[in-house]
Every structure is written in C-alpha cells, then in structure tokens.
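As stored in entry-v1.txt (compact mmCIF, C-alpha atoms):
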```
# COMPACT_ATOMS: atom_id res chain seq x y z
CA MET A 12 21.42 1.09 19.79
CA SER A 13 21.99 3.28 22.86
CA GLN A 14 22.32 1.85 26.37
CA ARG A 15 18.98 3.36 27.35
CA ASN A 16 17.20 1.81 24.38
CA LYS A 17 18.75 -1.56 25.18
CA PHE A 18 17.50 -1.25 28.74
CA PHE A 19 13.93 -0.46 27.64
CA LEU A 20 14.00 -3.33 25.15
CA ILE A 21 15.13 -5.75 27.86
CA LEU A 22 12.49 -4.35 30.22
CA ALA A 23 9.76 -4.77 27.59
CA VAL A 24 10.79 -8.38 26.92
CA PHE A 25 10.88 -9.09 30.68
CA LEU A 26 7.42 -7.62 31.26
CA PHE A 27 6.05 -9.51 28.27
CA ALA A 28 7.48 -12.80 29.55
CA TYR A 29 6.38 -12.10 33.14
CA ILE A 30 2.82 -10.91 32.53
CA ILE A 31 1.49 -12.80 29.50
CA PRO A 32 -0.42 -15.96 30.56
CA PHE A 33 1.05 -18.29 27.94
CA THR A 34 -0.81 -21.32 29.27
CA HIS A 35 -4.21 -19.74 28.67
CA ASP A 36 -5.96 -21.44 25.75
CA ARG A 37 -6.66 -18.23 23.82
CA VAL A 38 -3.11 -16.88 24.27
CA ALA A 39 -1.55 -20.21 23.33
CA GLY A 40 -3.83 -20.41 20.30
CA ALA A 41 -2.98 -16.85 19.28
CA ILE A 42 0.76 -17.57 19.48
CA MET A 43 0.27 -20.65 17.31
CA GLU A 44 -1.77 -18.59 14.83
CA SER A 45 1.05 -16.04 14.55
CA PHE A 46 3.52 -18.74 13.51
CA LEU A 47 1.04 -20.50 11.24
CA LEU A 48 0.27 -17.24 9.41
CA LEU A 49 4.01 -16.58 9.10
CA GLN A 50 4.43 -20.06 7.66
CA ASP A 51 1.66 -19.39 5.14
CA TYR A 52 3.44 -16.24 3.98
CA ALA A 53 6.80 -17.99 3.79
CA ARG A 54 5.37 -20.84 1.70
CA GLU A 55 2.85 -18.98 -0.45
CA HIS A 56 4.06 -15.42 -0.98
CA VAL A 57 7.84 -15.09 -0.66
CA LEU A 58 9.67 -17.13 -3.31
CA LEU A 59 7.45 -16.49 -6.34
CA CYS A 60 5.79 -13.22 -5.33
CA LEU A 61 7.90 -11.05 -3.03
CA ILE A 62 11.38 -11.90 -4.35
CA PRO A 63 10.47 -11.13 -8.01
CA ALA A 64 8.69 -8.00 -6.77
CA PHE A 65 11.86 -6.93 -4.94
CA PHE A 66 13.80 -7.28 -8.19
CA ILE A 67 11.23 -5.12 -9.99
CA ALA A 68 11.35 -2.49 -7.23
CA GLY A 69 15.16 -2.54 -7.30
CA ALA A 70 15.12 -2.11 -11.09
CA ILE A 71 12.74 0.83 -10.78
CA ALA A 72 15.00 2.48 -8.20
CA VAL A 73 18.15 2.00 -10.32
CA PHE A 74 17.01 2.35 -13.92
CA ILE A 75 14.30 5.04 -13.62
CA SER A 76 15.52 8.46 -12.54
CA GLN A 77 13.54 10.28 -9.86
CA ALA A 78 14.62 13.56 -11.47
CA ALA A 79 12.95 12.45 -14.70
CA VAL A 80 9.70 12.13 -12.76
CA VAL A 81 9.64 15.14 -10.46
CA LYS A 82 10.75 17.67 -13.09
CA TYR A 83 7.20 17.62 -14.50
CA PHE A 84 5.60 19.06 -11.37
CA GLY A 85 6.44 22.74 -11.86
CA ALA A 86 3.82 25.42 -12.26
CA GLU A 87 4.71 25.82 -15.95
CA ALA A 88 4.17 22.15 -16.72
CA LYS A 89 1.01 21.11 -18.54
CA LYS A 90 -1.69 20.06 -16.08
CA ILE A 91 -2.48 16.77 -17.80
CA LEU A 92 1.21 15.83 -17.77
CA SER A 93 1.92 16.96 -14.21
CA TYR A 94 -1.13 15.27 -12.67
CA GLY A 95 -0.66 12.20 -14.83
CA VAL A 96 2.95 11.74 -13.70
CA ALA A 97 2.10 12.55 -10.07
CA SER A 98 -0.77 10.05 -9.93
CA VAL A 99 1.38 7.09 -11.01
CA SER A 100 4.62 8.14 -9.34
CA GLY A 101 4.16 5.52 -6.63
CA THR A 102 4.62 2.69 -9.11
CA ILE A 103 7.70 4.43 -10.53
CA LEU A 104 9.39 5.45 -7.29
CA ALA A 105 8.29 2.54 -5.05
CA VAL A 106 8.56 4.57 -1.84
CA CYS A 107 6.84 4.25 1.54
CA SER A 108 5.00 6.96 3.49
CA CYS A 109 8.26 7.97 5.21
CA THR A 110 10.52 8.00 2.15
CA VAL A 111 8.11 10.12 0.13
CA LEU A 112 8.17 13.02 2.63
CA PRO A 113 11.60 14.49 1.78
CA LEU A 114 10.84 14.12 -1.94
CA PHE A 115 7.51 15.89 -1.47
CA ALA A 116 9.07 18.68 0.60
CA SER A 117 11.80 19.18 -2.00
CA ILE A 118 9.56 19.48 -5.05
CA TYR A 119 7.01 21.65 -3.21
CA GLN A 120 9.58 24.07 -1.84
CA ARG A 121 11.35 24.28 -5.21
CA GLY A 122 8.25 25.47 -7.02
CA ALA A 123 5.86 22.59 -7.70
CA GLY A 124 2.18 23.50 -7.65
CA ILE A 125 0.32 22.34 -4.56
CA GLY A 126 -1.98 20.16 -6.68
CA PRO A 127 0.67 17.98 -8.38
CA ALA A 128 2.81 18.01 -5.21
CA VAL A 129 -0.01 16.69 -3.04
CA ALA A 130 -1.01 14.16 -5.72
CA PHE A 131 2.61 12.97 -5.62
CA LEU A 132 2.55 12.92 -1.81
CA TYR A 133 -0.47 10.62 -1.82
CA SER A 134 0.51 8.48 -4.80
CA GLY A 135 4.05 7.68 -3.63
CA PRO A 136 3.16 5.22 -0.84
CA ALA A 137 -0.42 4.47 -1.93
CA ILE A 138 0.58 2.83 -5.24
CA ASN A 139 3.78 1.23 -4.01
CA VAL A 140 4.43 -1.50 -6.58
CA LEU A 141 5.29 -4.06 -3.92
CA ALA A 142 2.10 -3.33 -1.98
CA ILE A 143 -0.13 -3.61 -5.05
CA ILE A 144 1.42 -6.94 -6.02
CA LEU A 145 1.11 -8.38 -2.51
CA THR A 146 -2.46 -7.08 -2.18
CA ALA A 147 -3.51 -8.84 -5.38
CA ARG A 148 -1.70 -12.01 -4.34
CA VAL A 149 -3.01 -12.23 -0.76
CA LEU A 150 -6.36 -10.41 -0.82
CA GLY A 151 -7.37 -11.28 -4.36
CA PHE A 152 -6.92 -9.85 -7.85
CA GLU A 153 -10.11 -7.85 -7.51
CA MET A 154 -8.90 -6.01 -4.41
CA GLY A 155 -5.45 -5.39 -5.92
CA VAL A 156 -6.95 -3.83 -9.05
CA ALA A 157 -9.41 -1.77 -7.01
CA ARG A 158 -6.55 -0.48 -4.85
CA ALA A 159 -4.40 0.46 -7.84
CA ILE A 160 -7.15 2.14 -9.87
CA GLY A 161 -8.69 3.81 -6.83
CA ALA A 162 -5.34 5.21 -5.70
CA VAL A 163 -4.52 6.65 -9.14
CA ILE A 164 -7.91 8.35 -9.46
CA PHE A 165 -7.75 9.34 -5.81
CA ALA A 166 -4.36 11.04 -6.22
CA ILE A 167 -5.70 13.18 -9.06
CA VAL A 168 -8.88 14.08 -7.15
CA ILE A 169 -6.93 15.04 -4.01
CA GLY A 170 -4.45 17.12 -6.00
CA LEU A 171 -7.14 18.94 -7.98
CA SER A 172 -9.16 19.59 -4.81
CA MET A 173 -6.16 21.15 -3.03
CA ALA A 174 -5.29 23.18 -6.14
CA VAL A 175 -8.81 24.59 -6.37
CA ILE A 176 -9.16 25.33 -2.64
CA TYR A 177 -5.77 27.08 -2.38
CA ARG A 178 -5.42 28.44 -5.92
CA LYS A 179 -4.98 32.05 -4.78
CA GLU A 180 -2.34 31.28 -2.15
CA ASP A 181 -0.53 28.95 -4.50
CA LYS A 182 -0.42 31.55 -7.25
CA GLU A 183 1.26 34.01 -4.89
CA ARG A 184 3.74 31.39 -3.70
CA LEU A 185 4.70 30.44 -7.24
CA ALA A 186 5.46 34.04 -8.19
CA GLY A 187 9.10 33.26 -7.23
CA PRO A 188 11.68 31.07 -8.99
CA GLN A 189 10.40 27.87 -10.55
CA MET A 190 11.71 24.40 -10.06
CA GLN A 191 14.53 23.34 -12.37
CA MET A 192 15.48 19.71 -12.86
CA PRO A 193 18.60 18.74 -14.83
CA GLU A 194 18.23 16.69 -17.99
CA GLU A 195 19.79 13.25 -17.84
CA LYS A 196 21.19 11.23 -20.72
CA MET A 197 19.49 7.85 -20.92
CA PRO A 198 21.88 4.89 -21.35
CA ARG A 199 19.34 2.87 -23.38
CA LYS A 200 16.45 3.43 -25.72
CA LEU A 201 13.00 3.54 -24.19
CA TRP A 202 11.85 0.34 -25.91
CA GLN A 203 14.83 -1.54 -24.43
CA ASP A 204 13.94 -0.51 -20.88
CA LEU A 205 10.28 -1.33 -21.51
CA SER A 206 11.23 -4.78 -22.82
CA PHE A 207 13.34 -5.42 -19.73
CA PHE A 208 10.55 -4.45 -17.33
CA ALA A 209 7.97 -6.37 -19.39
CA LEU A 210 9.94 -9.61 -19.01
CA LEU A 211 10.17 -9.11 -15.22
CA VAL A 212 6.44 -8.45 -14.99
CA VAL A 213 5.56 -11.42 -17.21
CA PHE A 214 7.50 -13.76 -14.94
CA LEU A 215 5.85 -12.31 -11.82
CA VAL A 216 2.34 -12.56 -13.29
CA PHE A 217 2.57 -16.08 -14.70
CA ALA A 218 4.57 -17.55 -11.82
CA ASN A 219 1.74 -16.47 -9.51
CA TRP A 220 -1.16 -17.31 -11.84
CA GLY A 221 -3.86 -18.90 -9.70
CA ARG A 222 -5.98 -21.89 -10.64
CA PRO A 223 -9.35 -20.70 -12.00
CA GLN A 224 -12.56 -21.93 -10.42
CA SER A 225 -13.76 -23.48 -13.66
CA GLU A 226 -11.89 -26.52 -14.96
CA ALA A 227 -12.44 -25.55 -18.59
CA GLY A 228 -12.02 -22.44 -20.69
CA PHE A 229 -9.39 -19.91 -21.68
CA TRP A 230 -8.08 -19.10 -18.17
CA THR A 231 -7.59 -22.78 -17.40
CA ALA A 232 -5.53 -23.12 -20.59
CA VAL A 233 -3.42 -20.15 -19.50
CA TYR A 234 -2.96 -21.75 -16.08
CA GLU A 235 -1.72 -24.96 -17.68
CA ILE A 236 1.05 -23.15 -19.62
CA ARG A 237 1.99 -20.65 -16.90
CA TRP A 238 5.37 -22.22 -16.12
CA TYR A 239 6.33 -22.34 -19.80
CA VAL A 240 5.60 -18.62 -20.19
CA ALA A 241 7.38 -17.75 -16.91
CA GLY A 242 10.39 -19.86 -17.90
CA LEU A 243 10.52 -18.31 -21.38
CA SER A 244 10.57 -14.82 -19.87
CA LEU A 245 13.62 -15.77 -17.78
CA VAL A 246 15.36 -17.28 -20.83
CA LEU A 247 14.76 -14.09 -22.84
CA LEU A 248 15.94 -11.98 -19.92
CA VAL A 249 19.47 -13.41 -20.11
CA PRO A 250 20.44 -11.91 -23.53
CA VAL A 251 18.67 -8.65 -22.60
CA LEU A 252 20.84 -8.25 -19.52
CA TRP A 253 23.95 -9.38 -21.42
CA ARG A 254 23.57 -7.04 -24.39
CA TRP A 255 21.91 -3.90 -23.02
CA PHE A 256 23.13 -3.47 -19.44
CA LYS A 257 26.56 -2.71 -18.03
CA LYS A 258 28.13 -4.75 -15.26
CA ASP A 259 28.02 -1.90 -12.71
CA GLU A 260 24.33 -1.32 -13.48
CA LEU A 261 23.54 -4.96 -12.79
CA LYS A 262 25.53 -4.81 -9.57
CA ASN A 263 23.60 -1.71 -8.46
CA TRP A 264 20.36 -3.49 -9.35
CA VAL A 265 21.22 -6.51 -7.21
CA ASP A 266 22.40 -4.27 -4.35
CA GLU A 267 19.19 -2.21 -4.44
CA THR A 268 17.07 -5.37 -4.53
CA PHE A 269 18.98 -6.71 -1.55
CA ASN A 270 18.48 -3.41 0.30
CA TYR A 271 14.72 -3.58 -0.32
CA ALA A 272 14.62 -7.12 1.03
CA LEU A 273 16.62 -6.19 4.14
CA MET A 274 14.45 -3.15 4.78
CA ILE A 275 11.05 -4.73 4.18
CA MET A 276 11.21 -8.42 5.05
CA PRO A 277 11.87 -8.04 8.82
CA LEU A 278 9.04 -5.50 9.14
CA LEU A 279 6.75 -7.67 7.05
CA PHE A 280 7.45 -10.81 9.08
CA ILE A 281 6.92 -8.92 12.34
CA GLY A 282 3.69 -7.45 10.96
CA VAL A 283 2.53 -10.90 9.85
CA MET A 284 3.16 -12.36 13.31
CA PHE A 285 1.34 -9.50 15.05
CA ALA A 286 -1.58 -9.88 12.65
CA GLY A 287 -1.64 -13.61 13.29
CA PHE A 288 -1.45 -13.14 17.07
CA PHE A 289 -4.30 -10.65 17.30
CA LEU A 290 -6.50 -11.60 14.33
CA GLY A 291 -5.44 -15.10 13.28
CA ARG A 292 -5.67 -16.62 9.85
CA PRO A 293 -8.93 -16.35 7.87
CA GLY A 294 -11.43 -18.64 9.54
CA HIS A 295 -9.36 -19.07 12.72
CA GLU A 296 -9.78 -17.22 16.02
CA ALA A 297 -6.88 -15.51 17.82
CA MET A 298 -6.69 -12.92 20.62
CA ILE A 299 -9.41 -10.64 19.23
CA PRO A 300 -12.66 -12.57 18.66
CA SER A 301 -13.99 -12.14 15.14
CA LYS A 302 -17.40 -11.10 16.47
CA TYR A 303 -15.95 -7.80 17.71
CA VAL A 304 -14.34 -7.02 14.35
CA GLU A 305 -17.55 -7.89 12.56
CA ALA A 306 -19.54 -5.77 15.01
CA VAL A 307 -17.51 -2.65 14.17
CA VAL A 308 -16.66 -3.00 10.46
CA GLY A 309 -18.63 -6.02 9.27
CA ALA A 310 -20.45 -6.21 5.96
CA SER A 311 -23.76 -5.99 7.85
CA PRO A 312 -24.75 -4.64 11.28
CA ALA A 313 -26.18 -7.99 12.42
CA GLN A 314 -23.32 -8.74 14.81
CA PHE A 315 -23.45 -5.17 16.16
CA PHE A 316 -27.14 -5.57 16.96
CA ALA A 317 -26.47 -8.96 18.56
CA LEU A 318 -23.80 -7.53 20.89
CA THR A 319 -25.62 -4.33 21.78
CA GLY A 320 -29.10 -5.86 22.06
CA ILE A 321 -30.70 -3.24 19.79
CA GLN A 322 -34.07 -4.49 18.58
CA ALA A 323 -36.17 -3.50 15.58
CA GLY A 324 -37.19 0.12 15.72
CA ALA A 325 -36.06 3.61 14.79
CA ALA A 326 -32.48 3.20 16.04
CA HIS A 327 -32.22 -0.17 14.28
CA ASP A 328 -33.38 1.34 10.98
CA VAL A 329 -31.05 4.36 11.19
CA ILE A 330 -27.99 2.24 11.98
CA SER A 331 -28.82 -0.14 9.14
CA ALA A 332 -29.16 2.77 6.71
CA VAL A 333 -25.84 4.43 7.61
CA TRP A 334 -23.90 1.21 8.20
CA PRO A 335 -21.96 1.17 4.87
CA VAL A 336 -20.92 4.80 5.38
CA TRP A 337 -20.06 4.29 9.06
CA THR A 338 -17.84 1.26 8.50
CA SER A 339 -15.86 2.88 5.68
CA PHE A 340 -15.58 6.14 7.61
CA PHE A 341 -14.40 4.36 10.77
CA ALA A 342 -11.82 2.38 8.77
CA SER A 343 -10.57 5.56 7.04
CA VAL A 344 -10.18 7.53 10.27
CA ALA A 345 -8.52 4.66 12.13
CA ALA A 346 -6.16 3.98 9.22
CA ALA A 347 -5.26 7.66 8.84
CA PHE A 348 -3.92 7.85 12.39
CA MET A 349 -2.23 4.44 12.42
CA TYR A 350 1.26 3.77 11.09
CA PHE A 351 1.72 0.91 8.65
CA ALA A 352 5.25 -0.16 7.85
CA THR A 353 5.60 -1.01 4.16
CA LEU A 354 3.40 -4.00 3.20
CA THR A 355 2.26 -4.72 6.78
CA GLU A 356 -1.21 -3.40 5.97
CA VAL A 357 -1.77 -6.50 3.81
CA PRO A 358 -1.49 -9.21 6.52
CA ILE A 359 -3.34 -6.97 8.98
CA LEU A 360 -6.16 -6.54 6.51
CA GLN A 361 -6.08 -10.25 5.71
CA GLY A 362 -6.74 -10.95 9.37
CA LEU A 363 -9.47 -8.32 9.60
CA MET A 364 -11.27 -9.60 6.52
CA GLY A 365 -10.94 -13.16 7.81
CA SER A 366 -12.61 -11.98 11.02
CA GLY A 367 -15.57 -10.48 9.17
CA MET A 368 -14.49 -7.05 7.93
CA GLY A 369 -16.50 -5.93 4.90
CA LYS A 370 -14.95 -5.25 1.50
CA GLY A 371 -15.89 -1.56 1.60
CA PRO A 372 -14.06 -0.63 4.81
CA ALA A 373 -11.19 -2.90 3.70
CA LEU A 374 -10.62 -0.80 0.57
CA ALA A 375 -11.08 2.40 2.59
CA LEU A 376 -8.30 1.25 4.93
CA LEU A 377 -6.03 0.44 1.98
CA LEU A 378 -6.59 3.87 0.44
CA ALA A 379 -6.16 5.91 3.64
CA GLY A 380 -3.70 3.90 5.74
CA PRO A 381 -0.43 3.62 3.78
CA ALA A 382 -0.50 7.26 2.61
CA VAL A 383 -1.32 8.99 5.90
CA SER A 384 -0.21 8.41 9.49
CA LEU A 385 0.31 10.48 12.62
CA PRO A 386 4.11 10.80 12.10
CA ASN A 387 3.45 11.58 8.44
CA MET A 388 1.00 14.35 9.41
CA LEU A 389 3.54 16.08 11.65
CA VAL A 390 6.08 16.31 8.82
CA ILE A 391 3.50 17.48 6.29
CA ARG A 392 2.40 20.19 8.73
CA GLY A 393 5.97 21.53 8.75
CA VAL A 394 5.82 21.90 4.96
CA LEU A 395 2.23 22.96 4.26
CA GLY A 396 1.14 24.43 7.59
CA THR A 397 -1.67 23.36 9.90
CA ARG A 398 -4.61 24.49 7.79
CA LYS A 399 -3.52 22.84 4.53
CA THR A 400 -2.48 19.66 6.34
CA ALA A 401 -5.87 19.40 8.05
CA MET A 402 -7.59 19.89 4.70
CA TYR A 403 -5.42 17.21 3.07
CA ILE A 404 -6.22 14.71 5.84
CA ALA A 405 -9.93 15.53 5.66
CA ILE A 406 -9.98 15.01 1.88
CA VAL A 407 -8.17 11.67 2.24
CA ILE A 408 -10.68 10.48 4.86
CA VAL A 409 -13.75 11.69 2.94
CA PHE A 410 -12.75 10.21 -0.41
CA SER A 411 -11.52 6.96 1.15
CA THR A 412 -14.95 6.66 2.76
CA ILE A 413 -16.72 7.35 -0.54
CA CYS A 414 -14.60 4.81 -2.41
CA GLY A 415 -15.17 2.25 0.32
CA VAL A 416 -18.95 2.74 0.25
CA ILE A 417 -19.13 2.42 -3.55
CA TYR A 418 -16.84 -0.62 -3.65
CA GLY A 419 -18.69 -2.29 -0.81
CA GLN A 420 -22.06 -1.82 -2.52
CA VAL A 421 -20.84 -3.01 -5.92
CA PHE A 422 -18.89 -6.08 -4.72
CA ALA A 423 -20.94 -7.01 -1.65
```

Could you take the file, read its structure, and then write that structure out as structure tokens?
Amino acid sequence: MSQRNKFFLILAVFLFAYIIPFTHDRVAGAIMESFLLLQDYAREHVLLCLIPAFFIAGAIAVFISQAAVVKYFGAEAKKILSYGVASVSGTILAVCSCTVLPLFASIYQRGAGIGPAVAFLYSGPAINVLAIILTARVLGFEMGVARAIGAVIFAIVIGLSMAVIYRKEDKERLAGPQMQMPEEKMPRKLWQDLSFFALLVVFLVFANWGRPQSEAGFWTAVYEIRWYVAGLSLVLLVPVLWRWFKKDELKNWVDETFNYALMIMPLLFIGVMFAGFFLGRPGHEAMIPSKYVEAVVGASPAQFFALTGIQAGAAHDVISAVWPVWTSFFASVAAAFMYFATLTEVPILQGLMGSGMGKGPALALLLAGPAVSLPNMLVIRGVLGTRKTAMYIAIVIVFSTICGVIYGQVFA
C-alpha cells in the first residue's frame, strides 16, 4: 500500500471515529446487528457450507481446463454446443465479474461469435458455483434454484439476442482467422472425474440438508440419515484421491482452495457486516428502517402509499398495476450499476428481504447485479464498443425485470 493510500485510510478511520454518534440508540443497535449477522454466518454457513464449496471451486479450477471450455466458442462451432457450454461456464470456471473480463476479451478477440462470447460473459459470474450454493443455503432452496435456472436460460437469451441484433457486423468481423485452442491430454477418464466431483457435491448437499417442515415423510427420513450419507461420501473420497490423483495435483487443489478462501472470506465478512449495519438481520431493524425498503421494493405498494399519503384514485390504481414491474425494474437498474464483490450480494439481499423486499425484485437483483457493474461496463466498452455495451446492459436490465416479475407473481 502506498503512503498516500495509507494516509487516506487513516483519514477515513479518523473521520468515521470522530463523526459517527456511537451512543445513539439506532447506531449502537446497527453496530450490534453487524456483529450478530457476522456471528450467524460464522456459525451457520462457514464450516459445512462455504469450506466444502471452496474445495469444490478449487477442484474446478485445478481439474477442469479453461481451454477445454472456451475452445467451443468459435464461429465454426455448432450453435447448440457453443451456447450450451457458454451458458453453464460459470459453474465450470467459478469466476467473478472481474475475473471473467480478460477471459471474455480473449475469446472474443480471437474469433468467438458475439453470441456465445456474451453468453459466456454473463454466465461466468452469474452462475458462480459458490454464489449459487450460498444463495440456496441462506435465501432458501427455491431462490437458489431460481437463480441457477434463470441465469442459464438468461445467458442463452442474451447471447442469442446479441447475435441476432449484430449478425451482419459479426459476420464481417469473423471473416478473419478463427480461434484455435490446443487439445489437452486428460490425466483421468471422464467417469473418474465425475465420481470425484459427485462425492464432493454429495457431502455438501447432505451436510447442509435442512429439517423439513413436516415431521413425517420421505424428506424427514432423508434428514435423519444425512450425516451417514455425508460421512460415507468422505470415506469413499479417500481411496478415490489415493488411487486416481497425483500428489502434486492434490497440492495444487489445496493451494487453489486456500487462495479462494483468502480472496473471498475477507470480502464476504466485510459485506456481511455492512449488510448487518445498514439492514440488520431478518426481523431486526438497523440503520435503514425496513419501512423505506418496503416502500421502494416491497411485495406490495401499501408501505409506499402510507409514506407518500396517496389515497384511492387514479394514481393509486396505476401505481398498484405497475408495482411488480417497477420494483423488479428498479432492482435491476440499481444492481446493474452497483459493484458486488463475490458472494456479498447474498447477505445484502438477505438484509433487504428481511426488511420487506419482494421475491421478484430480489431475483432481479441476483440476475443483474453479479454479472454487471459500472467498472465491468467500462471494460466491456473497450472490447465491444459503446453501442454494443449499451445494448448488452439494456438486455440484462430488461430480462432481469421480466424474470423478476414472473417469479414474483408465481411465488408471491
């Protein structure tokens, strides 16, 4: 850190300590909420959820070649294959919105079609395996599945839309040399790698299996044996690692897992504390009163009418009619210009939903936020140009809004 940056950091800490009225009840309560939310994450989501997820992400980074993924994006590749690979690349590559940019620029400039390249650009951070797992764990299985499925479909729709809109320009651009990716010799058979990943996923799923609402039935029986299944997966993992993997591969796996933890955990903990300070835990007030959140992006406009004093009439009816669209649109636009460090969107959204945010705008934020941000836009503009970048952002906002409206109406 430079001397100037150290000075500004010290100045910021001084101003924070000097200005903030810590003895005020709301401020003191918000500070307590930040630590209580951090404690909830430490106790509920780190040992059995995040740490296994880090091992899965590390395994993906080490044992699945990026070249094996991006080589399918060329103009000569079959459309079903190229869009299929692009739409799920986020789960394979496990990158954030910053890491995906150089990969996107590389494959686009080396001859990938704009459709698959943009689908890859969106999918990379939107379907980050860590984010999907944490979303399902913290916000509920339903929201995690909706985010995963919506992002996959969304990536294909965005890519196809860009390909159709700019098909003439893209055809001229691709008249030059096409992208070439070297073939790599795989150290194991495909079924061996799949078995390895399956055991990791089985442990993650069953170690985090929640208690069902009903005390009887199939899911309760599964819950009762969850630790046996999770333990068996770990027992079976030992001979798999011993027989099929080399020592240097395992070392690289552990190193990559450790790197993920070092990169993500500090940002996540800071994000959790900020979310707790401003929004509090679900059902608890912090710095921002829940009535204001509910008034802007609530499931119904009742709180908005209460704060603004709008009575029954034409304006009341119009606002009520467009409310689901407005809330999802507002969440999409706000998320598109915000920057979310990897996984921090989950605690922020947890606080927003606890303060009254509707399910529709919540999904819209999850679909738009991690994949697009103001810094992200500036880099994309350098690769695609202003016009294509603006179109990409507009498509992300529009389809995030549509998905949010549909999800909000179905699961209201």

From A:Pro198, A:Met388, A:Glu153, A:Pro300, residue lying nearest Val421 in chain A [only C-alpha atoms]:
A:Glu153

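Nearest to Tyr403 in chain A of all the residues A:Ser339, A:Ser172, A:Ser13, A:Asn139 is A:Ser172, counting only C-alpha atoms.
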
Given only C-alpha atoms as the basis, pick out the residue of A:Gly221, A:Gly367, A:Gly161, A:Gly126 nearest to Ile176 in chain A.
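Checking each of A:Gly221, A:Gly367, A:Gly161, A:Gly126 against Ile176 in chain A, counting only C-alpha atoms, the winner is A:Gly126.
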
By how many Å are CA of Phe207 in chain A and CA of Tyr271 in chain A apart?
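So the two atoms, CA of Phe207 in chain A and CA of Tyr271 in chain A, lie 19.5 Å apart.
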
Could you tell me how far CA of Tyr177 in chain A sits from CA of Met402 in chain A, in Å to one decimal place?
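Separation of CA of Met402 in chain A and CA of Tyr177 in chain A: 10.3 Å.
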
Between A:Leu273, A:Val240, A:Val344, A:Met349, which has the minimum distance to Pro381 in chain A (counting only C-alpha atoms)?
A:Met349

What is the distance, in Å and to one decimal place, between CA of Pro277 in chain A and CA of Thr355 in chain A?
10.4 Å

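Closest approach to Val163 in chain A from the set A:Val38, A:Val24, A:Leu378, A:Ala72 is made by A:Leu378, with distances taken over only C-alpha atoms.
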
Is it possible to add N, CA and C atoms to range 126-144 of chain A and hand it back as a compact mmCIF listing (two decimals), in the coordinates of the input?
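Full text of result.txt as output:
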```txt
# COMPACT_ATOMS: atom_id res chain seq x y z
N GLY A 126 -1.19 21.27 -6.17
CA GLY A 126 -1.98 20.16 -6.68
C GLY A 126 -1.13 18.95 -7.06
N PRO A 127 -0.19 19.11 -8.02
CA PRO A 127 0.67 17.98 -8.38
C PRO A 127 1.52 17.49 -7.21
N ALA A 128 1.98 18.42 -6.35
CA ALA A 128 2.81 18.01 -5.21
C ALA A 128 2.04 17.12 -4.24
N VAL A 129 0.80 17.48 -3.95
CA VAL A 129 -0.01 16.69 -3.04
C VAL A 129 -0.43 15.37 -3.70
N ALA A 130 -0.71 15.41 -5.01
CA ALA A 130 -1.01 14.16 -5.72
C ALA A 130 0.18 13.22 -5.64
N PHE A 131 1.38 13.76 -5.76
CA PHE A 131 2.61 12.97 -5.62
C PHE A 131 2.76 12.45 -4.19
N LEU A 132 2.46 13.30 -3.22
CA LEU A 132 2.55 12.92 -1.81
C LEU A 132 1.65 11.72 -1.50
N TYR A 133 0.44 11.73 -2.06
CA TYR A 133 -0.47 10.62 -1.82
C TYR A 133 -0.07 9.39 -2.63
N SER A 134 0.25 9.60 -3.88
CA SER A 134 0.51 8.48 -4.80
C SER A 134 1.73 7.67 -4.40
N GLY A 135 2.80 8.36 -3.93
CA GLY A 135 4.05 7.68 -3.63
C GLY A 135 3.89 6.40 -2.83
N PRO A 136 3.35 6.46 -1.61
CA PRO A 136 3.16 5.22 -0.84
C PRO A 136 1.90 4.45 -1.19
N ALA A 137 0.87 5.14 -1.70
CA ALA A 137 -0.42 4.47 -1.93
C ALA A 137 -0.35 3.46 -3.07
N ILE A 138 0.51 3.71 -4.07
CA ILE A 138 0.58 2.83 -5.24
C ILE A 138 1.93 2.14 -5.26
N ASN A 139 2.53 1.97 -4.10
CA ASN A 139 3.78 1.23 -4.01
C ASN A 139 3.65 -0.10 -4.75
N VAL A 140 4.55 -0.33 -5.71
CA VAL A 140 4.43 -1.50 -6.58
C VAL A 140 4.44 -2.80 -5.79
N LEU A 141 5.25 -2.86 -4.73
CA LEU A 141 5.29 -4.06 -3.92
C LEU A 141 3.96 -4.30 -3.22
N ALA A 142 3.37 -3.20 -2.71
CA ALA A 142 2.10 -3.33 -1.98
C ALA A 142 0.97 -3.76 -2.90
N ILE A 143 0.93 -3.23 -4.12
CA ILE A 143 -0.13 -3.61 -5.05
C ILE A 143 -0.02 -5.09 -5.41
N ILE A 144 1.21 -5.54 -5.66
CA ILE A 144 1.42 -6.94 -6.02
C ILE A 144 1.01 -7.87 -4.88
```
